[in-house]
file input_38.cif (mmCIF, C-alpha atoms and all ligand atoms)
data_run
#
loop_
_atom_site.group_PDB
_atom_site.id
_atom_site.type_symbol
_atom_site.label_atom_id
_atom_site.label_comp_id
_atom_site.auth_asym_id
_atom_site.auth_seq_id
_atom_site.Cartn_x
_atom_site.Cartn_y
_atom_site.Cartn_z
ATOM 1 C CA MET A 8 12.681 16.575 5.167
ATOM 2 C CA THR A 9 14.299 17.608 1.887
ATOM 3 C CA GLN A 10 12.419 17.872 -1.383
ATOM 4 C CA GLN A 11 14.672 15.205 -2.849
ATOM 5 C CA LYS A 12 13.877 12.761 -0.072
ATOM 6 C CA ALA A 13 10.182 13.465 -0.439
ATOM 7 C CA ARG A 14 10.153 12.275 -4.068
ATOM 8 C CA HIS A 15 8.068 9.211 -4.800
ATOM 9 C CA VAL A 16 7.731 8.157 -8.401
ATOM 10 C CA PRO A 17 4.194 6.858 -9.022
ATOM 11 C CA VAL A 18 4.203 3.446 -10.678
ATOM 12 C CA LEU A 19 2.133 2.468 -13.721
ATOM 13 C CA PHE A 20 0.952 6.085 -13.684
ATOM 14 C CA GLN A 21 -0.392 6.344 -17.213
ATOM 15 C CA ASP A 22 -1.997 2.902 -17.249
ATOM 16 C CA ALA A 23 -3.734 3.414 -13.900
ATOM 17 C CA LEU A 24 -5.178 6.770 -14.952
ATOM 18 C CA ASP A 25 -6.157 5.588 -18.429
ATOM 19 C CA PHE A 26 -7.977 2.551 -17.015
ATOM 20 C CA LEU A 27 -9.860 4.705 -14.525
ATOM 21 C CA CYS A 28 -11.292 6.662 -17.500
ATOM 22 C CA VAL A 29 -11.511 9.850 -15.423
ATOM 23 C CA ARG A 30 -14.491 11.997 -16.451
ATOM 24 C CA PRO A 31 -14.156 15.714 -15.579
ATOM 25 C CA GLU A 32 -17.374 15.852 -13.570
ATOM 26 C CA GLY A 33 -16.976 12.520 -11.778
ATOM 27 C CA THR A 34 -16.114 11.587 -8.195
ATOM 28 C CA TYR A 35 -12.847 9.670 -7.774
ATOM 29 C CA VAL A 36 -11.144 8.216 -4.727
ATOM 30 C CA ASP A 37 -7.415 7.741 -4.232
ATOM 31 C CA CYS A 38 -7.226 5.365 -1.255
ATOM 32 C CA THR A 39 -3.450 5.717 -0.924
ATOM 33 C CA LEU A 40 -2.400 9.300 -1.570
ATOM 34 C CA GLY A 41 1.278 8.790 -0.664
ATOM 35 C CA LEU A 42 3.031 11.799 -2.112
ATOM 36 C CA ALA A 43 0.068 12.410 -4.425
ATOM 37 C CA GLY A 44 1.591 11.516 -7.789
ATOM 38 C CA HIS A 45 -1.449 9.565 -8.965
ATOM 39 C CA ALA A 46 -3.777 11.982 -7.158
ATOM 40 C CA GLU A 47 -2.331 14.956 -9.021
ATOM 41 C CA GLY A 48 -2.837 13.097 -12.291
ATOM 42 C CA MET A 49 -6.471 12.424 -11.365
ATOM 43 C CA MET A 50 -7.014 15.985 -10.250
ATOM 44 C CA ARG A 51 -5.719 17.429 -13.513
ATOM 45 C CA ARG A 52 -8.201 15.299 -15.442
ATOM 46 C CA LEU A 53 -11.098 16.550 -13.318
ATOM 47 C CA GLY A 54 -12.981 19.779 -13.818
ATOM 48 C CA PRO A 55 -14.858 22.168 -11.506
ATOM 49 C CA GLY A 56 -17.845 19.782 -11.299
ATOM 50 C CA GLY A 57 -15.598 16.893 -10.254
ATOM 51 C CA ARG A 58 -14.429 15.688 -6.881
ATOM 52 C CA LEU A 59 -11.300 13.957 -5.626
ATOM 53 C CA ILE A 60 -11.375 12.215 -2.251
ATOM 54 C CA GLY A 61 -8.016 11.041 -0.937
ATOM 55 C CA PHE A 62 -6.951 8.858 1.991
ATOM 56 C CA ASP A 63 -3.635 8.242 3.707
ATOM 57 C CA ARG A 64 -3.220 7.010 7.247
ATOM 58 C CA ASP A 65 0.348 8.299 7.446
ATOM 59 C CA PRO A 66 0.125 11.862 8.842
ATOM 60 C CA GLU A 67 3.429 12.895 7.205
ATOM 61 C CA ALA A 68 2.373 11.635 3.789
ATOM 62 C CA LEU A 69 -1.010 13.308 4.161
ATOM 63 C CA GLU A 70 0.658 16.630 4.943
ATOM 64 C CA LEU A 71 2.902 16.426 1.876
ATOM 65 C CA ALA A 72 0.054 15.241 -0.342
ATOM 66 C CA THR A 73 -2.158 18.077 0.889
ATOM 67 C CA ALA A 74 0.517 20.694 0.180
ATOM 68 C CA ARG A 75 1.004 19.318 -3.332
ATOM 69 C CA LEU A 76 -2.692 19.091 -4.187
ATOM 70 C CA VAL A 77 -3.546 22.496 -2.728
ATOM 71 C CA LYS A 78 -0.841 23.959 -4.981
ATOM 72 C CA VAL A 79 -2.361 22.183 -7.988
ATOM 73 C CA ALA A 80 -5.807 23.509 -7.005
ATOM 74 C CA GLU A 81 -4.422 27.047 -6.863
ATOM 75 C CA GLU A 82 -2.865 26.589 -10.263
ATOM 76 C CA MET A 83 -6.135 25.276 -11.706
ATOM 77 C CA GLY A 84 -8.071 28.168 -10.188
ATOM 78 C CA SER A 85 -11.780 28.103 -11.060
ATOM 79 C CA GLN A 86 -11.264 24.874 -13.006
ATOM 80 C CA ALA A 87 -10.153 22.920 -9.912
ATOM 81 C CA PRO A 88 -12.306 20.047 -8.661
ATOM 82 C CA GLN A 89 -13.504 19.764 -5.084
ATOM 83 C CA LEU A 90 -10.851 18.193 -2.877
ATOM 84 C CA THR A 91 -11.443 16.152 0.302
ATOM 85 C CA LEU A 92 -8.416 14.645 2.044
ATOM 86 C CA VAL A 93 -8.799 12.215 4.921
ATOM 87 C CA GLY A 94 -6.079 11.078 7.350
ATOM 88 C CA GLU A 95 -7.484 7.639 7.983
ATOM 89 C CA ALA A 96 -7.041 4.047 6.910
ATOM 90 C CA PHE A 97 -8.852 3.145 3.704
ATOM 91 C CA SER A 98 -10.726 0.408 5.577
ATOM 92 C CA ARG A 99 -12.728 3.324 7.036
ATOM 93 C CA ILE A 100 -13.747 4.529 3.589
ATOM 94 C CA GLY A 101 -17.413 3.692 4.199
ATOM 95 C CA GLY A 102 -17.578 6.355 6.896
ATOM 96 C CA HIS A 103 -16.465 9.101 4.520
ATOM 97 C CA VAL A 104 -17.832 8.208 1.113
ATOM 98 C CA ASP A 105 -21.510 7.827 0.195
ATOM 99 C CA ALA A 106 -22.846 4.559 -1.194
ATOM 100 C CA ALA A 107 -22.972 4.358 -5.011
ATOM 101 C CA SER A 108 -21.347 7.797 -5.375
ATOM 102 C CA VAL A 109 -17.924 6.936 -6.807
ATOM 103 C CA ASP A 110 -16.935 6.834 -10.511
ATOM 104 C CA GLY A 111 -13.467 5.407 -9.953
ATOM 105 C CA LEU A 112 -11.297 4.175 -7.120
ATOM 106 C CA LEU A 113 -7.527 3.732 -7.066
ATOM 107 C CA ALA A 114 -5.432 1.929 -4.458
ATOM 108 C CA ASP A 115 -1.644 1.755 -4.767
ATOM 109 C CA PHE A 116 -0.754 -0.495 -1.848
ATOM 110 C CA GLY A 117 2.320 -0.567 0.341
ATOM 111 C CA VAL A 118 4.802 2.005 1.455
ATOM 112 C CA ASN A 119 5.843 5.403 0.145
ATOM 113 C CA SER A 120 9.432 6.581 -0.277
ATOM 114 C CA LEU A 121 9.399 8.425 3.072
ATOM 115 C CA HIS A 122 9.035 5.144 4.880
ATOM 116 C CA PHE A 123 12.346 3.851 3.590
ATOM 117 C CA ASP A 124 14.194 7.118 3.137
ATOM 118 C CA GLU A 125 13.600 8.425 6.630
ATOM 119 C CA ALA A 126 15.546 6.206 9.058
ATOM 120 C CA ARG A 127 13.471 7.489 11.990
ATOM 121 C CA ARG A 128 10.381 5.765 10.548
ATOM 122 C CA GLY A 129 12.066 2.440 11.263
ATOM 123 C CA PHE A 130 11.201 0.590 8.032
ATOM 124 C CA SER A 131 14.702 0.208 6.629
ATOM 125 C CA PHE A 132 17.678 -1.871 7.636
ATOM 126 C CA GLN A 133 19.972 0.192 5.399
ATOM 127 C CA ALA A 134 20.058 3.018 7.944
ATOM 128 C CA ASP A 135 19.768 2.794 11.696
ATOM 129 C CA GLY A 136 16.542 3.970 13.265
ATOM 130 C CA PRO A 137 14.076 3.101 16.008
ATOM 131 C CA LEU A 138 12.221 -0.124 15.263
ATOM 132 C CA ASP A 139 8.884 1.514 14.504
ATOM 133 C CA MET A 140 7.402 0.625 11.041
ATOM 134 C CA ARG A 141 4.000 2.149 11.690
ATOM 135 C CA MET A 142 2.433 3.984 8.773
ATOM 136 C CA ASP A 143 -0.042 5.573 11.154
ATOM 137 C CA THR A 144 2.230 6.866 13.883
ATOM 138 C CA ARG A 145 -0.778 7.706 16.094
ATOM 139 C CA THR A 146 -1.576 4.077 16.922
ATOM 140 C CA GLY A 147 0.420 1.043 18.024
ATOM 141 C CA PRO A 148 1.918 -1.460 18.201
ATOM 142 C CA THR A 149 5.422 -0.678 16.913
ATOM 143 C CA ALA A 150 7.712 -3.339 15.454
ATOM 144 C CA GLU A 151 9.808 -2.941 18.605
ATOM 145 C CA GLN A 152 6.894 -4.062 20.754
ATOM 146 C CA VAL A 153 6.270 -7.019 18.461
ATOM 147 C CA VAL A 154 9.855 -8.343 18.405
ATOM 148 C CA ASN A 155 10.302 -7.887 22.149
ATOM 149 C CA GLU A 156 6.942 -9.039 23.429
ATOM 150 C CA MET A 157 5.612 -11.724 21.095
ATOM 151 C CA GLU A 158 6.036 -15.344 22.006
ATOM 152 C CA GLU A 159 8.657 -17.183 19.890
ATOM 153 C CA ARG A 160 6.234 -19.547 18.202
ATOM 154 C CA GLU A 161 3.826 -16.774 17.258
ATOM 155 C CA LEU A 162 6.718 -14.690 15.957
ATOM 156 C CA ALA A 163 7.886 -17.618 13.797
ATOM 157 C CA ASN A 164 4.376 -18.019 12.364
ATOM 158 C CA LEU A 165 4.156 -14.320 11.609
ATOM 159 C CA ILE A 166 7.539 -14.307 9.811
ATOM 160 C CA TYR A 167 6.536 -17.413 7.868
ATOM 161 C CA GLU A 168 3.120 -16.155 6.858
ATOM 162 C CA TYR A 169 3.812 -12.491 6.085
ATOM 163 C CA GLY A 170 7.471 -12.788 5.075
ATOM 164 C CA GLU A 171 7.150 -16.097 3.213
ATOM 165 C CA GLU A 172 10.357 -16.946 5.086
ATOM 166 C CA ARG A 173 10.923 -20.683 5.289
ATOM 167 C CA ARG A 174 13.641 -20.251 7.920
ATOM 168 C CA SER A 175 11.195 -18.459 10.222
ATOM 169 C CA ARG A 176 11.793 -20.648 13.275
ATOM 170 C CA THR A 177 15.549 -20.045 13.197
ATOM 171 C CA VAL A 178 14.937 -16.317 12.787
ATOM 172 C CA ALA A 179 12.401 -16.195 15.622
ATOM 173 C CA ARG A 180 14.749 -18.092 17.927
ATOM 174 C CA ALA A 181 17.587 -15.642 17.189
ATOM 175 C CA ILE A 182 15.276 -12.696 17.802
ATOM 176 C CA VAL A 183 14.133 -14.021 21.163
ATOM 177 C CA ARG A 184 17.757 -14.645 22.190
ATOM 178 C CA GLY A 185 18.798 -11.183 21.015
ATOM 179 C CA ARG A 186 16.210 -9.277 23.085
ATOM 180 C CA PRO A 187 15.902 -6.466 23.926
ATOM 181 C CA ILE A 188 15.997 -5.158 20.336
ATOM 182 C CA THR A 189 15.431 -1.462 19.783
ATOM 183 C CA THR A 190 16.829 -0.468 16.383
ATOM 184 C CA THR A 191 16.491 -1.570 12.768
ATOM 185 C CA MET A 192 20.198 -2.312 12.328
ATOM 186 C CA GLN A 193 20.304 -4.346 15.525
ATOM 187 C CA LEU A 194 17.442 -6.502 14.265
ATOM 188 C CA ALA A 195 19.040 -6.809 10.811
ATOM 189 C CA ARG A 196 22.338 -7.947 12.373
ATOM 190 C CA ILE A 197 20.589 -10.536 14.565
ATOM 191 C CA VAL A 198 18.718 -12.002 11.582
ATOM 192 C CA ALA A 199 21.828 -11.928 9.361
ATOM 193 C CA SER A 200 23.826 -13.807 11.982
ATOM 194 C CA ALA A 201 21.148 -16.518 12.138
ATOM 195 C CA VAL A 202 20.463 -17.160 8.433
ATOM 196 C CA PRO A 203 22.576 -16.674 5.285
ATOM 197 C CA PRO A 204 21.428 -14.444 2.415
ATOM 198 C CA ILE A 205 19.421 -15.960 -0.430
ATOM 199 C CA LYS A 206 20.863 -14.889 -3.789
ATOM 200 C CA TYR A 207 21.286 -11.128 -3.624
ATOM 201 C CA MET A 208 18.615 -10.571 -0.990
ATOM 202 C CA HIS A 209 19.647 -9.297 2.452
ATOM 203 C CA PRO A 210 18.846 -12.058 4.997
ATOM 204 C CA ALA A 211 16.547 -9.701 6.935
ATOM 205 C CA THR A 212 14.424 -8.619 3.942
ATOM 206 C CA ARG A 213 11.644 -11.131 4.530
ATOM 207 C CA THR A 214 11.585 -10.585 8.300
ATOM 208 C CA PHE A 215 11.259 -6.837 7.812
ATOM 209 C CA GLN A 216 8.463 -7.351 5.276
ATOM 210 C CA ALA A 217 6.624 -9.629 7.704
ATOM 211 C CA LEU A 218 6.851 -7.188 10.591
ATOM 212 C CA ARG A 219 5.729 -4.288 8.422
ATOM 213 C CA ILE A 220 2.695 -6.184 7.166
ATOM 214 C CA TYR A 221 1.773 -7.276 10.680
ATOM 215 C CA VAL A 222 2.282 -3.897 12.365
ATOM 216 C CA ASN A 223 0.139 -2.156 9.752
ATOM 217 C CA ARG A 224 -2.499 -4.894 9.351
ATOM 218 C CA GLU A 225 -1.828 -4.502 5.649
ATOM 219 C CA LEU A 226 -3.595 -7.606 4.405
ATOM 220 C CA GLU A 227 -6.678 -7.104 6.585
ATOM 221 C CA GLU A 228 -6.875 -3.526 5.321
ATOM 222 C CA ILE A 229 -6.869 -4.714 1.705
ATOM 223 C CA LYS A 230 -9.554 -7.321 2.391
ATOM 224 C CA GLU A 231 -11.735 -4.706 4.077
ATOM 225 C CA LEU A 232 -11.300 -2.363 1.114
ATOM 226 C CA PHE A 233 -12.448 -5.071 -1.292
ATOM 227 C CA GLU A 234 -15.505 -5.634 0.891
ATOM 228 C CA ALA A 235 -16.370 -1.922 1.018
ATOM 229 C CA ALA A 236 -15.651 -0.939 -2.595
ATOM 230 C CA PRO A 237 -18.640 -2.556 -4.368
ATOM 231 C CA LYS A 238 -21.089 -0.575 -2.227
ATOM 232 C CA LEU A 239 -19.394 2.727 -2.992
ATOM 233 C CA LEU A 240 -18.980 2.455 -6.743
ATOM 234 C CA LYS A 241 -21.657 3.422 -9.237
ATOM 235 C CA PRO A 242 -22.613 0.832 -11.853
ATOM 236 C CA SER A 243 -19.822 0.648 -14.502
ATOM 237 C CA ALA A 244 -17.409 2.556 -12.248
ATOM 238 C CA ARG A 245 -13.879 1.194 -12.099
ATOM 239 C CA LEU A 246 -11.557 -0.063 -9.412
ATOM 240 C CA ALA A 247 -7.797 -0.056 -10.080
ATOM 241 C CA VAL A 248 -5.395 -1.648 -7.612
ATOM 242 C CA ILE A 249 -1.622 -1.807 -7.705
ATOM 243 C CA SER A 250 0.092 -4.447 -5.582
ATOM 244 C CA PHE A 251 3.770 -5.001 -4.879
ATOM 245 C CA HIS A 252 4.047 -8.509 -3.554
ATOM 246 C CA SER A 253 2.335 -11.827 -3.939
ATOM 247 C CA LEU A 254 0.363 -11.634 -0.678
ATOM 248 C CA GLU A 255 -1.295 -8.376 -1.732
ATOM 249 C CA ASP A 256 -1.845 -9.500 -5.295
ATOM 250 C CA ARG A 257 -3.410 -12.782 -4.185
ATOM 251 C CA ILE A 258 -6.083 -10.932 -2.217
ATOM 252 C CA ALA A 259 -6.774 -8.651 -5.179
ATOM 253 C CA LYS A 260 -6.934 -11.560 -7.625
ATOM 254 C CA ASP A 261 -9.138 -13.759 -5.429
ATOM 255 C CA SER A 262 -11.496 -10.930 -4.422
ATOM 256 C CA LEU A 263 -12.030 -9.905 -8.033
ATOM 257 C CA ARG A 264 -12.449 -13.481 -9.232
ATOM 258 C CA ASP A 265 -15.006 -14.253 -6.501
ATOM 259 C CA GLY A 266 -16.758 -10.942 -7.146
ATOM 260 C CA ALA A 267 -16.912 -11.696 -10.858
ATOM 261 C CA LYS A 268 -18.592 -15.038 -10.097
ATOM 262 C CA ASN A 269 -21.153 -13.254 -7.921
ATOM 263 C CA GLY A 270 -21.989 -10.603 -10.502
ATOM 264 C CA ILE A 271 -20.215 -7.803 -8.635
ATOM 265 C CA TRP A 272 -17.175 -7.240 -10.848
ATOM 266 C CA SER A 273 -16.446 -7.521 -14.493
ATOM 267 C CA ILE A 274 -12.701 -8.004 -14.780
ATOM 268 C CA VAL A 275 -11.049 -5.584 -17.211
ATOM 269 C CA THR A 276 -7.435 -6.813 -16.988
ATOM 270 C CA LYS A 277 -7.580 -10.570 -17.499
ATOM 271 C CA LYS A 278 -3.890 -10.615 -16.659
ATOM 272 C CA PRO A 279 -2.393 -7.943 -14.406
ATOM 273 C CA LEU A 280 -0.542 -5.139 -16.134
ATOM 274 C CA VAL A 281 3.148 -4.800 -15.294
ATOM 275 C CA ALA A 282 5.708 -2.076 -15.884
ATOM 276 C CA ASP A 283 7.693 -2.133 -19.137
ATOM 277 C CA GLU A 284 11.492 -2.131 -19.316
ATOM 278 C CA GLU A 285 11.601 1.625 -19.747
ATOM 279 C CA GLU A 286 9.644 2.241 -16.521
ATOM 280 C CA ILE A 287 11.641 -0.358 -14.599
ATOM 281 C CA GLY A 288 14.855 1.363 -15.761
ATOM 282 C CA ARG A 289 13.534 4.711 -14.535
ATOM 283 C CA ASN A 290 11.966 3.390 -11.335
ATOM 284 C CA PRO A 291 13.238 0.009 -10.063
ATOM 285 C CA ARG A 292 10.366 -0.142 -7.516
ATOM 286 C CA SER A 293 7.971 -0.687 -10.414
ATOM 287 C CA ARG A 294 9.574 -4.078 -11.170
ATOM 288 C CA SER A 295 7.224 -5.923 -8.831
ATOM 289 C CA ALA A 296 4.108 -3.789 -9.422
ATOM 290 C CA LYS A 297 0.924 -5.388 -10.764
ATOM 291 C CA LEU A 298 -2.135 -3.421 -11.798
ATOM 292 C CA ARG A 299 -5.557 -5.079 -11.750
ATOM 293 C CA VAL A 300 -8.683 -3.299 -12.950
ATOM 294 C CA ALA A 301 -12.339 -4.274 -12.625
ATOM 295 C CA GLU A 302 -15.643 -2.646 -13.423
ATOM 296 C CA ARG A 303 -18.620 -2.604 -11.078
ATOM 297 C CA GLN A 304 -21.384 -4.576 -12.713
ATOM 298 C CA ALA A 305 -24.772 -2.922 -12.921
ATOM 299 C CA ILE A 306 -26.484 -6.043 -11.649
ATOM 300 C CA GLY A 307 -25.651 -7.416 -8.229
ATOM 301 C CA THR A 308 -26.366 -4.138 -6.407
ATOM 302 C CA ARG A 309 -27.721 -6.320 -3.619
ATOM 303 C CA HIS A 310 -24.090 -6.736 -2.455
HETATM 304 C C1 LIG B 401 2.687 3.236 -2.632
HETATM 305 S S1 LIG B 401 2.246 4.616 -1.687
HETATM 306 C C2 LIG B 401 1.168 5.513 -2.727
HETATM 307 C C3 LIG B 401 1.903 6.383 -3.682
HETATM 308 C C4 LIG B 401 1.004 7.294 -4.465
HETATM 309 N N1 LIG B 401 0.157 6.571 -5.375
HETATM 310 C C5 LIG B 401 1.788 8.358 -5.187
HETATM 311 O O1 LIG B 401 1.584 8.514 -6.401
HETATM 312 O O2 LIG B 401 2.607 9.041 -4.551
HETATM 313 C C6 LIG B 401 1.110 3.939 -0.545
HETATM 314 C C7 LIG B 401 0.592 4.945 0.472
HETATM 315 O O3 LIG B 401 -0.575 4.374 1.042
HETATM 316 C C8 LIG B 401 -0.572 4.594 2.425
HETATM 317 N N2 LIG B 401 -1.319 3.469 2.985
HETATM 318 C C9 LIG B 401 -0.951 2.179 3.026
HETATM 319 N N3 LIG B 401 -1.915 1.440 3.582
HETATM 320 C C10 LIG B 401 -2.927 2.290 3.874
HETATM 321 C C11 LIG B 401 -4.216 2.116 4.454
HETATM 322 N N4 LIG B 401 -4.632 0.923 4.840
HETATM 323 N N5 LIG B 401 -5.006 3.195 4.590
HETATM 324 C C12 LIG B 401 -4.589 4.426 4.192
HETATM 325 N N6 LIG B 401 -3.373 4.657 3.650
HETATM 326 C C13 LIG B 401 -2.552 3.594 3.497
HETATM 327 C C14 LIG B 401 0.872 4.644 2.844
HETATM 328 O O4 LIG B 401 1.014 5.427 4.008
HETATM 329 C C15 LIG B 401 1.521 5.265 1.616
HETATM 330 O O5 LIG B 401 1.652 6.647 1.758
#
call {"tool": "encode", "arguments": {"input": "input_38.cif", "output": "structure tokens"}}
result
Amino acid sequence: MTQQKARHVPVLFQDALDFLCVRPEGTYVDCTLGLAGHAEGMMRRLGPGGRLIGFDRDPEALELATARLVKVAEEMGSQAPQLTLVGEAFSRIGGHVDAASVDGLLADFGVNSLHFDEARRGFSFQADGPLDMRMDTRTGPTAEQVVNEMEERELANLIYEYGEERRSRTVARAIVRGRPITTTMQLARIVASAVPPIKYMHPATRTFQALRIYVNRELEEIKELFEAAPKLLKPSARLAVISFHSLEDRIAKDSLRDGAKNGIWSIVTKKPLVADEEEIGRNPRSRSAKLRVAERQAIGTRH
């Protein structure tokens, strides 16, 4: 993999780090290391008494993140914080992080640039690759198994729910007729022949989103993180989450609102923060990003 391909520009970088209010001696968790842009920013704000714990369930991303952060640690020398990197899903955070030990937690949901840039990962319909789409390549199922084995009605429901695709039944029917399907381009062609594009969006965009979310249990993972986080954060510690589509943001918004009612969270960003024109110009991916921040309330530790 080339250096250029491995680039991933962190979104809302400054805002996320500023809102986390990183203290040099604190313990911070990056739930989604990716290529470690945010993590490097956190690490550089920490001192020798501090600790950074990072998670990524994608073994390739974890390897790149580790290489980057180890280099930063070497550069920082005796001033470097303690570093713990974990190759697991963030839903497992409770098994790796002590209760009430965290001063700040960041989660930047979704995919990293490797997922789309590397055709062999099977996320993109712009380049042909095996229909995989797993972030964690150690466990199944792949998107190929889903499109070839799932019953038509269930497939239609999945595409409707996770892709917000109103033409899901037509798409599911075309998929079932087009089986066996083994590559990303083959699937994209089948979907494109069944439904026309909407505005400038490729007709398969929503179907690919749905499969990706399903294969990676993305929404369940986010819900489980919101359940675990209150137990791990110290009173007044902050949670910052960046979402990229409405399904993710809805979970974040509802979890924080419900938590606020129950005395768990105090919401810091009444409205989510979004990227400004300058950032969108530099990094088009930031166009759909939303940052929500909340503070763990001191009361309500019963939760
Ligand atoms: C948007 S990228 C993070 C980018 C990162 N903030 C940076 O600055 O490079 C999201 C990353 O989270 C990982 N990821 C997504 N869901 C995850 C989960 N449930 N558990 C652990 N890692 C996950 C993906 O593999 C991906 O590398």
call {"tool": "residues_around", "arguments": {"input": "input_38.cif", "residues": "Arg64 (chain A)", "least_positions_apart": "2", "cutoff": "7 Å", "atoms": "only C-alpha atoms", "output": "count of residues only"}}
result
7
call {"tool": "closest_atom_pairs", "arguments": {"input": "input_38.cif", "of": "chain A", "to": "ligand LIG 401 (chain B)", "cutoff": "9 Å", "atoms": "all atoms listed in the file", "output": "Markdown table"}}
result
| residue | atom | partner | partner_atom | distance |
| --- | --- | --- | --- | --- |
| A:Arg14 | CA | B:LIG401 | O2 | 8.2 |
| A:His15 | CA | B:LIG401 | O2 | 5.5 |
| A:Val16 | CA | B:LIG401 | O2 | 6.5 |
| A:Pro17 | CA | B:LIG401 | O1 | 4.1 |
| A:Val18 | CA | B:LIG401 | O1 | 7.1 |
| A:Phe20 | CA | B:LIG401 | O1 | 7.7 |
| A:Asp37 | CA | B:LIG401 | N1 | 7.7 |
| A:Cys38 | CA | B:LIG401 | C12 | 6.1 |
| A:Thr39 | CA | B:LIG401 | O3 | 3.7 |
| A:Leu40 | CA | B:LIG401 | C4 | 4.9 |
| A:Gly41 | CA | B:LIG401 | O5 | 3.3 |
| A:Leu42 | CA | B:LIG401 | O2 | 3.7 |
| A:Ala43 | CA | B:LIG401 | O2 | 4.2 |
| A:Gly44 | CA | B:LIG401 | O1 | 3.3 |
| A:His45 | CA | B:LIG401 | O1 | 4.1 |
| A:Ala46 | CA | B:LIG401 | O1 | 6.4 |
| A:Glu47 | CA | B:LIG401 | O1 | 8.0 |
| A:Gly48 | CA | B:LIG401 | O1 | 8.7 |
| A:Phe62 | CA | B:LIG401 | C12 | 5.5 |
| A:Asp63 | CA | B:LIG401 | N6 | 3.6 |
| A:Arg64 | CA | B:LIG401 | C12 | 4.2 |
| A:Asp65 | CA | B:LIG401 | O4 | 4.5 |
| A:Pro66 | CA | B:LIG401 | O4 | 8.1 |
| A:Glu67 | CA | B:LIG401 | O4 | 8.5 |
| A:Ala68 | CA | B:LIG401 | O5 | 5.4 |
| A:Leu69 | CA | B:LIG401 | O5 | 7.6 |
| A:Ala72 | CA | B:LIG401 | O2 | 7.9 |
| A:Val93 | CA | B:LIG401 | C12 | 8.9 |
| A:Gly94 | CA | B:LIG401 | C12 | 7.5 |
| A:Glu95 | CA | B:LIG401 | C12 | 5.8 |
| A:Ala96 | CA | B:LIG401 | N5 | 3.2 |
| A:Phe97 | CA | B:LIG401 | N5 | 3.9 |
| A:Ser98 | CA | B:LIG401 | N4 | 6.2 |
| A:Arg99 | CA | B:LIG401 | N5 | 8.1 |
| A:Ile100 | CA | B:LIG401 | N5 | 8.9 |
| A:Leu113 | CA | B:LIG401 | N1 | 8.4 |
| A:Ala114 | CA | B:LIG401 | N1 | 7.3 |
| A:Asp115 | CA | B:LIG401 | C1 | 5.1 |
| A:Phe116 | CA | B:LIG401 | C6 | 5.0 |
| A:Gly117 | CA | B:LIG401 | C6 | 4.7 |
| A:Val118 | CA | B:LIG401 | C6 | 4.6 |
| A:Asn119 | CA | B:LIG401 | S1 | 4.1 |
| A:Ser120 | CA | B:LIG401 | S1 | 7.6 |
| A:Leu121 | CA | B:LIG401 | O5 | 8.1 |
| A:His122 | CA | B:LIG401 | O4 | 8.1 |
| A:Arg141 | CA | B:LIG401 | O4 | 8.9 |
| A:Met142 | CA | B:LIG401 | O4 | 5.2 |
| A:Asp143 | CA | B:LIG401 | O4 | 7.2 |
| A:Asn223 | CA | B:LIG401 | N3 | 7.4 |
| A:Arg224 | CA | B:LIG401 | N4 | 7.7 |
| A:Glu225 | CA | B:LIG401 | N4 | 6.2 |
| A:Leu226 | CA | B:LIG401 | N4 | 8.6 |
| A:Glu227 | CA | B:LIG401 | N4 | 8.5 |
| A:Glu228 | CA | B:LIG401 | N4 | 5.0 |
| A:Ile229 | CA | B:LIG401 | N4 | 6.8 |
| A:Leu232 | CA | B:LIG401 | N4 | 8.3 |
| A:Ile249 | CA | B:LIG401 | C1 | 8.4 |
| A:Ser250 | CA | B:LIG401 | C1 | 8.6 |
| A:Phe251 | CA | B:LIG401 | C1 | 8.6 |
call {"tool": "closest_residue", "arguments": {"input": "input_38.cif", "among": "A:Gly54, A:Glu171, A:Ile60, A:Gln216", "to": "Ser131 (chain A)", "atoms": "all atoms listed in the file"}}
result
A:Gln216
call {"tool": "resolve_selection", "arguments": {"input": "input_38.cif", "expression": "the PyMOL selection byres (((chain A and resi 31) around 7) and not hetatm)", "output": "ChimeraX atom specification"}}
result
/A:29-30,32-33,52-54,56-57
call {"tool": "residues_near_point", "arguments": {"input": "input_38.cif", "point": "(-14.6, -6.5, -4.8)", "cutoff": "6 Å", "atoms": "only C-alpha atoms", "output": "ChimeraX atom specification"}}
result
/A:233-234,237,262-263,266
call {"tool": "closest_residue", "arguments": {"input": "input_38.cif", "among": "A:Gln89, A:Thr189, A:Ser108, A:Thr276", "to": "Glu156 (chain A)", "atoms": "all atoms listed in the file"}}
result
A:Thr189
call {"tool": "atom_distance", "arguments": {"input": "input_38.cif", "atom1": "CA of Met208 (chain A)", "atom2": "CA of Ala181 (chain A)"}}
result
18.9 Å
call {"tool": "atom_distance", "arguments": {"input": "input_38.cif", "atom1": "CA of Ala247 (chain A)", "atom2": "CA of Arg299 (chain A)"}}
result
5.7 Å
call {"tool": "closest_residue", "arguments": {"input": "input_38.cif", "among": "A:Arg219, A:Glu81, A:Gln133, A:Glu161", "to": "Thr149 (chain A)", "atoms": "all atoms listed in the file"}}
result
A:Arg219
call {"tool": "closest_residue", "arguments": {"input": "input_38.cif", "among": "A:Ile287, A:Val178, A:Ile188, A:Leu112", "to": "Val300 (chain A)", "atoms": "only C-alpha atoms"}}
result
A:Leu112
call {"tool": "closest_residue", "arguments": {"input": "input_38.cif", "among": "A:Leu194, A:Met157, A:Met50, A:Val109", "to": "Glu302 (chain A)", "atoms": "only C-alpha atoms"}}
result
A:Val109
call {"tool": "atom_distance", "arguments": {"input": "input_38.cif", "atom1": "CA of Tyr167 (chain A)", "atom2": "CA of Lys278 (chain A)"}}
result
27.5 Å
call {"tool": "residues_around", "arguments": {"input": "input_38.cif", "residues": "Pro137 (chain A)", "least_positions_apart": "3", "cutoff": "9 Å", "atoms": "all atoms listed in the file", "output": "list of chain:residue names"}}
result
A:Ala126, A:Arg127, A:Arg128, A:Gly129, A:Phe130, A:Met140, A:Glu151, A:Thr189, A:Thr190, A:Thr191, A:Met192
